[in-house]
Amino acid sequence: MSRPDAIASAAIDAQSIRPVFFCFLDIVGDPLRACTAGRSLALSGTGDADLDGFTYDGIDPTVVDIGPVRAKEGGSDAVTAKLSGLLTLDSELLALIGDPANWQGRTGRLWRMIRDDSGVQRGAIQHYYTGWMTGLTIVGDPEQGQTLNLTIESYLAAYSQASNRTYLDQETFDPGDLSARASIAIANGTSGNPLVSNTAGAADWSRAALAKAIQRIF
């Protein structure tokens, strides 16, 4: 996430501002570009390849809710975006959302423009967040209609997620490697050979197997 430039920072201190959020979702076959300006905006001269030369469709800002970006150890929290007040969803859109291969793990980007109380842009458009789309759901409400809920996970957070694998999975990646089994057998004192269930009697072989296991692990 970049910081607003000096002009935008000064405008933020005003009593009343009108921010505009821009959203790009890399959906297969139908990339989405939208903004909360209330009207479509054709962008140029920003220096960002995902903005320049594209028109971002305007949507009503009152039906859009974009969560804050909170920094934490290991990367920022996931950002959520909601589009509410949808009366109906056509079959094409439902099919698009229903197949995770169309959006899951693909790029989602957010920017912010600061406008003053008169609607005049102050400073450059600020890059707000970039990550991977990990969740896209539809929630129905009798009063508010249908709501699209989107979750965008930061790159760093996605890379830092635990794999839940240990050295016991070694045989999965190196077929025929029995060092993990040998280590468990030696530790439990139940076997001197990982292939059979005999008693632990070959101490010399066990020490050799343990040394081999340590070498393979490290």
# chains A, B, ... in the order shown; residues from 1 in each chain; ligands from 1

$ residues_around --residues "Phe24 in chain A" --least-positions-apart "5" --cutoff "12 Å" --atoms "only C-alpha atoms" --output "count of residues only"
30

$ residues_around --residues "Ala37 in chain A" --least-positions-apart "3" --cutoff "8 Å" --atoms "only C-alpha atoms" --output "list in words"
Val20, Phe21, Ser40, Leu41, Gly58, Ile59, Asp60 and Pro61 of chain A

$ atom_distance --atom1 "CA of Asp48 in chain A" --atom2 "CA of Ser9 in chain A"
19.9 Å

$ select_by_dssp --residues "range 40-146 of chain A" --states "alpha helix (DSSP H)" --output "PyMOL selection string"
chain A and resi 91-98

$ write_last_selection --atoms "N, CA and C atoms" --output "JSON list (two decimals), in the first residue's frame"
[["chain", "number", "residue", "atom", "x", "y", "z"],
["A", 91, "SER", "N", -28.18, -15.15, -14.92],
["A", 91, "SER", "CA", -27.59, -16.49, -14.93],
["A", 91, "SER", "C", -26.12, -16.48, -15.32],
["A", 92, "GLU", "N", -25.74, -15.54, -16.20],
["A", 92, "GLU", "CA", -24.34, -15.46, -16.63],
["A", 92, "GLU", "C", -23.43, -15.09, -15.47],
["A", 93, "LEU", "N", -23.86, -14.11, -14.66],
["A", 93, "LEU", "CA", -23.07, -13.69, -13.52],
["A", 93, "LEU", "C", -23.02, -14.80, -12.46],
["A", 94, "LEU", "N", -24.14, -15.46, -12.25],
["A", 94, "LEU", "CA", -24.18, -16.55, -11.28],
["A", 94, "LEU", "C", -23.24, -17.67, -11.69],
["A", 95, "ALA", "N", -23.19, -17.98, -12.97],
["A", 95, "ALA", "CA", -22.30, -19.03, -13.46],
["A", 95, "ALA", "C", -20.85, -18.61, -13.30],
["A", 96, "LEU", "N", -20.58, -17.33, -13.52],
["A", 96, "LEU", "CA", -19.21, -16.81, -13.39],
["A", 96, "LEU", "C", -18.73, -16.91, -11.95],
["A", 97, "ILE", "N", -19.57, -16.50, -11.02],
["A", 97, "ILE", "CA", -19.21, -16.54, -9.61],
["A", 97, "ILE", "C", -19.16, -17.97, -9.10],
["A", 98, "GLY", "N", -20.05, -18.81, -9.62],
["A", 98, "GLY", "CA", -20.15, -20.17, -9.13],
["A", 98, "GLY", "C", -18.96, -21.05, -9.44]]

$ closest_residue --among "A:Ser154, A:Gln126, A:Ser84, A:Gln104" --to "Cys23 in chain A" --atoms "only C-alpha atoms"
A:Gln126

$ residues_around --residues "Lys82 in chain A" --least-positions-apart "2" --cutoff "12 Å" --atoms "only C-alpha atoms" --output "PyMOL selection string"
chain A and resi 23+61-67+79-80+84-86+135-139+146-152

$ write_last_selection --atoms "C-alpha atoms" --output "PDB file, in the first residue's frame"
ATOM      1  CA  CYS A  23     -11.437  -1.660  -8.069  1.00  0.00           C
ATOM      2  CA  PRO A  61     -21.053   4.650  -3.460  1.00  0.00           C
ATOM      3  CA  THR A  62     -23.863   4.138  -0.953  1.00  0.00           C
ATOM      4  CA  VAL A  63     -24.114   0.430  -1.825  1.00  0.00           C
ATOM      5  CA  VAL A  64     -20.378  -0.218  -1.604  1.00  0.00           C
ATOM      6  CA  ASP A  65     -18.448  -0.968   1.565  1.00  0.00           C
ATOM      7  CA  ILE A  66     -14.671  -1.524   1.463  1.00  0.00           C
ATOM      8  CA  GLY A  67     -12.969  -2.652   4.655  1.00  0.00           C
ATOM      9  CA  VAL A  79      -9.570  -6.777   2.767  1.00  0.00           C
ATOM     10  CA  THR A  80     -13.290  -7.270   2.247  1.00  0.00           C
ATOM     11  CA  SER A  84     -25.271  -4.582  -1.721  1.00  0.00           C
ATOM     12  CA  GLY A  85     -28.749  -3.704  -2.985  1.00  0.00           C
ATOM     13  CA  LEU A  86     -28.690  -6.138  -5.906  1.00  0.00           C
ATOM     14  CA  GLY A 135     -13.532 -15.601  -1.396  1.00  0.00           C
ATOM     15  CA  LEU A 136     -16.605 -14.496  -3.361  1.00  0.00           C
ATOM     16  CA  THR A 137     -20.057 -15.206  -1.983  1.00  0.00           C
ATOM     17  CA  ILE A 138     -23.654 -14.042  -2.431  1.00  0.00           C
ATOM     18  CA  VAL A 139     -25.792 -13.329   0.628  1.00  0.00           C
ATOM     19  CA  GLN A 146     -28.563  -9.554  -2.487  1.00  0.00           C
ATOM     20  CA  THR A 147     -25.021  -8.703  -1.471  1.00  0.00           C
ATOM     21  CA  LEU A 148     -21.756  -9.746  -3.093  1.00  0.00           C
ATOM     22  CA  ASN A 149     -18.976 -10.310  -0.555  1.00  0.00           C
ATOM     23  CA  LEU A 150     -15.411 -10.332  -1.875  1.00  0.00           C
ATOM     24  CA  THR A 151     -12.273 -11.194   0.102  1.00  0.00           C
ATOM     25  CA  ILE A 152      -8.818 -10.202  -1.176  1.00  0.00           C
TER      26      ILE A 152
END
